[in-house]
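Here the structure is laid out as structure tokens; the discussion comes afterwards.
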Amino acid sequence: MFNLSRVKELRKELGLTQAELATRSKLTITTISQIENGHKTYIKPDTMKALTDALRTEADALLAT
């Protein structure tokens with residue numbers, strides 16, 4: 001399961017805005033916002049990859065434990 005709160009935490013740790021993360025990940029600001037606010041329940045593998053690359057982390061860091 002995807003740990004939505006980790007996306008926001010990691011983004012803030014890197015000092016990024018949602019817009020900057022959207023640019024880095026090539027996702028829309030709307031998608032970033034929906035993920036961070038829990039409005040997306042399914043994250044496609046390519047979206048996960050884009051986020052992990054943009055946040056400079058591994059997928060495990062975004063998975064709930």
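Simple scheme: letters A, B, ... for chains in structure tokens order, numbers from 1 for residues in each chain, numbers from 1 for ligands in the order shown.
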Quick one: everything within 10 Å of region 21-24 of chain A, counting only C-alpha atoms, minus sequence neighbours fewer than 2 positions away in the same chain. Send it as a compact mmCIF listing (two decimals) with C-alpha atoms, in the first residue's frame.
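Below is the file that was written, result_22.txt:
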# COMPACT_ATOMS: atom_id res chain seq x y z
CA VAL A 7 5.27 12.01 -0.61
CA LYS A 8 4.55 15.30 1.13
CA ARG A 11 8.90 16.80 -0.93
CA LYS A 12 9.18 19.19 2.00
CA LEU A 14 13.85 18.50 -0.35
CA GLY A 15 12.41 22.02 -0.07
CA LEU A 16 10.18 21.55 -3.11
CA THR A 17 6.77 23.02 -3.81
CA GLN A 18 4.08 20.90 -5.40
CA ALA A 19 4.73 22.75 -8.66
CA LYS A 26 6.52 15.33 -15.27
CA LEU A 27 3.20 14.86 -13.45
CA THR A 28 0.54 17.52 -13.07
CA ILE A 29 0.19 19.66 -9.96
CA THR A 30 -3.33 18.22 -9.66
CA THR A 31 -1.93 14.69 -9.54
CA ILE A 32 0.64 15.65 -6.90
CA SER A 33 -2.07 17.33 -4.83
CA ALA A 50 8.29 9.29 -11.66
CA LEU A 51 7.77 10.20 -8.01
CA ASP A 53 13.00 9.55 -9.30
CA ALA A 54 11.88 13.13 -8.59
CA LEU A 55 12.13 12.62 -4.82
Show me, as a CSV table (one decimal) with C-alpha atoms, in the first residue's frame, the residues that have an atom within 7 Å of Leu4 (chain A) when counting only C-alpha atoms, minus same-chain residues fewer than 6 positions from it.
chain,number,residue,atom,x,y,z
A,35,ILE,CA,-1.7,12.0,-4.1
A,36,GLU,CA,-0.7,14.1,-1.1
A,38,GLY,CA,-5.3,11.0,-0.3
Query raised in the report: How many Å separate CA of Asn3 (chain A) from CA of Asp46 (chain A)?
Result: 16.4 Å
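In this model, the gap between CA of Ser25 (chain A) and CA of Lys44 (chain A) comes to 13.5 Å.
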